[in-house]
Amino acid sequence: MTAASPPTLQGSLCTLRPLTLNDAPSLQRHADDEAVWRNLFEGFPRPYTLVDAQAWCSTGSRAPAMGHVWGIEVDDQIVGCISLRPDAGWLRCNAEVGYWIGQAFWRRGITSEALARVTAWAWANRPELMRLYAPIFAWNEGSQAVARKCGYFLEAQLRCSAIKDGRVIDRVQYAALRSR
């Protein structure tokens with residue numbers, strides 16, 4: 001079983017759309033970068049191979065547990081991904097957002113536009129959601145700046161809360177609340 005494909009969201013700097021198998025070479029090229037990998041969860045493959053990208057583009061990004069996953073398209077190529085994963089059960093009023101973009105596209109406002117579009121889509125289309133949250137490695141100032149630019153606030157400092165590259169690290173968590 002796979003999750004429903006997310007809708008295409010058009011911005012001025014990027015287009016957010018479902019991934020296709022044809023996106024695998026571009027995705028692999030941008031994901032196979034130590035600077036990108038350093039800021040992603042422990043299970044993210046390194047090196048990131050074409051086989052990894054093909055698996056993600058064909059079925060991995062559509063697994064029900066993933067929620068909605070969009071490819072971030074710039075100049076007709078996928079340069080990153082952004083996701084919205086709703087929590088379940090008694091926590092279903094929350095959803096986790098996660099995002100990454102290839103290093104060649106850092107500091108251009110693309111990721112901020114992507115997060116703003118996904119946040120607006122979540123508020124408009126998921127009425128049960130009251131809170132979106134983004135757990136971010138504490139050293140990742142760029143992702144924290146993206147969250148702040150999109151109206152997310154620093155909600156928590158999560159000391160010794162994750163493992164990356166065999167080390168216990170700190171994270172921070174940013175959140176946005178639905179206006180009532």
# chains A, B, ... in the order shown; residues from 1 in each chain; ligands from 1

call {"tool": "residues_around", "arguments": {"residues": "Ala176 (chain A)", "least_positions_apart": "4", "cutoff": "9 Å", "atoms": "only C-alpha atoms", "output": "PyMOL selection string"}}
result
chain A and resi 119+130-134+147+150-153

call {"tool": "residues_around", "arguments": {"residues": "Thr49 (chain A)", "least_positions_apart": "4", "cutoff": "8 Å", "atoms": "only C-alpha atoms", "output": "ChimeraX atom specification"}}
result
/A:28,32,45,53

call {"tool": "atom_distance", "arguments": {"atom1": "CA of Leu154 (chain A)", "atom2": "CA of Ile136 (chain A)"}}
result
10.4 Å

call {"tool": "closest_residue", "arguments": {"among": "A:Pro18, A:Gly102, A:Gly166, A:Gly142", "to": "Ala31 (chain A)", "atoms": "only C-alpha atoms"}}
result
A:Gly102

call {"tool": "select_by_dssp", "arguments": {"residues": "chain A", "states": "alpha helix (DSSP H)", "output": "ChimeraX atom specification"}}
result
/A:24-31,34-37,50-58,110-125,141-149

call {"tool": "residues_around", "arguments": {"residues": "Ala88 (chain A)", "least_positions_apart": "2", "cutoff": "12 Å", "atoms": "only C-alpha atoms", "output": "ChimeraX atom specification"}}
result
/A:64-65,67,85-86,90-96,128-129

call {"tool": "closest_residue", "arguments": {"among": "A:Ile101, A:Val74, A:Val79, A:Leu21", "to": "Gly60 (chain A)", "atoms": "only C-alpha atoms"}}
result
A:Leu21

call {"tool": "residues_around", "arguments": {"residues": "Ser12 (chain A)", "least_positions_apart": "5", "cutoff": "12 Å", "atoms": "only C-alpha atoms", "output": "list of chain:residue names"}}
result
A:Glu73, A:Val74, A:Asp75, A:Arg108, A:Gly109, A:Ile110, A:Thr111, A:Ser112, A:Glu113, A:Ala114, A:Ala116, A:Arg117

call {"tool": "residues_around", "arguments": {"residues": "Pro25 (chain A)", "least_positions_apart": "4", "cutoff": "9 Å", "atoms": "only C-alpha atoms", "output": "VMD selection string"}}
result
chain A and resid 21 29 to 30 50 53 to 54 78

call {"tool": "select_by_dssp", "arguments": {"residues": "region 12-69 of chain A", "states": "strand (DSSP E or B)", "output": "ChimeraX atom specification"}}
result
/A:15-17,68-69

call {"tool": "write_last_selection", "arguments": {"atoms": "N, CA and C atoms", "output": "compact mmCIF listing (two decimals), in the first residue's frame"}}
result
# COMPACT_ATOMS: atom_id res chain seq x y z
N THR A 15 9.07 24.29 -7.83
CA THR A 15 7.82 23.55 -7.90
C THR A 15 7.97 22.34 -6.99
N LEU A 16 6.96 22.08 -6.18
CA LEU A 16 6.94 20.89 -5.35
C LEU A 16 6.01 19.90 -6.01
N ARG A 17 6.51 18.69 -6.25
CA ARG A 17 5.69 17.70 -6.95
C ARG A 17 6.08 16.29 -6.52
N HIS A 68 3.24 12.71 3.21
CA HIS A 68 3.36 13.33 1.89
C HIS A 68 4.82 13.72 1.66
N VAL A 69 5.36 13.31 0.52
CA VAL A 69 6.73 13.67 0.15
C VAL A 69 6.68 14.36 -1.21

call {"tool": "atom_distance", "arguments": {"atom1": "CA of Asn39 (chain A)", "atom2": "CA of Phe137 (chain A)"}}
result
6.6 Å

call {"tool": "residues_around", "arguments": {"residues": "Gln157 (chain A)", "least_positions_apart": "4", "cutoff": "10 Å", "atoms": "only C-alpha atoms", "output": "list in words"}}
result
Pro135, Ile136, Phe137, Ala138, Ser161, Asp170, Arg171, Val172, Gln173 and Tyr174 of chain A

call {"tool": "decode", "arguments": {"residues": "region 125-165 of chain A", "atoms": "C-alpha atoms", "output": "CSV table (one decimal), in the first residue's frame"}}
result
chain,number,residue,atom,x,y,z
A,125,ASN,CA,-6.1,20.8,3.5
A,126,ARG,CA,-5.6,19.1,6.9
A,127,PRO,CA,-8.1,20.7,9.3
A,128,GLU,CA,-7.2,18.2,12.1
A,129,LEU,CA,-3.6,19.6,12.2
A,130,MET,CA,-3.0,22.2,14.8
A,131,ARG,CA,0.8,22.0,15.1
A,132,LEU,CA,3.6,21.4,12.7
A,133,TYR,CA,7.1,20.7,14.0
A,134,ALA,CA,10.6,20.4,12.6
A,135,PRO,CA,13.3,18.5,14.6
A,136,ILE,CA,16.7,19.9,13.4
A,137,PHE,CA,20.2,19.0,14.4
A,138,ALA,CA,21.4,21.8,16.7
A,139,TRP,CA,24.4,22.6,14.5
A,140,ASN,CA,22.3,23.1,11.4
A,141,GLU,CA,21.9,26.9,11.4
A,142,GLY,CA,20.6,26.9,7.8
A,143,SER,CA,17.6,24.7,8.5
A,144,GLN,CA,16.8,26.7,11.7
A,145,ALA,CA,16.9,29.9,9.6
A,146,VAL,CA,14.5,28.4,7.1
A,147,ALA,CA,12.1,27.4,9.9
A,148,ARG,CA,12.2,30.9,11.5
A,149,LYS,CA,11.7,32.6,8.1
A,150,CYS,CA,8.5,30.6,7.7
A,151,GLY,CA,7.1,31.6,11.1
A,152,TYR,CA,8.2,28.6,13.1
A,153,PHE,CA,9.4,29.3,16.6
A,154,LEU,CA,12.0,27.5,18.7
A,155,GLU,CA,10.0,25.2,20.8
A,156,ALA,CA,12.6,23.0,22.5
A,157,GLN,CA,16.3,22.2,22.9
A,158,LEU,CA,16.6,18.4,22.8
A,159,ARG,CA,19.9,17.6,24.4
A,160,CYS,CA,21.5,14.2,23.7
A,161,SER,CA,18.4,13.2,21.7
A,162,ALA,CA,19.7,11.6,18.5
A,163,ILE,CA,22.6,9.6,17.1
A,164,LYS,CA,24.5,10.8,14.0
A,165,ASP,CA,27.6,9.1,12.6
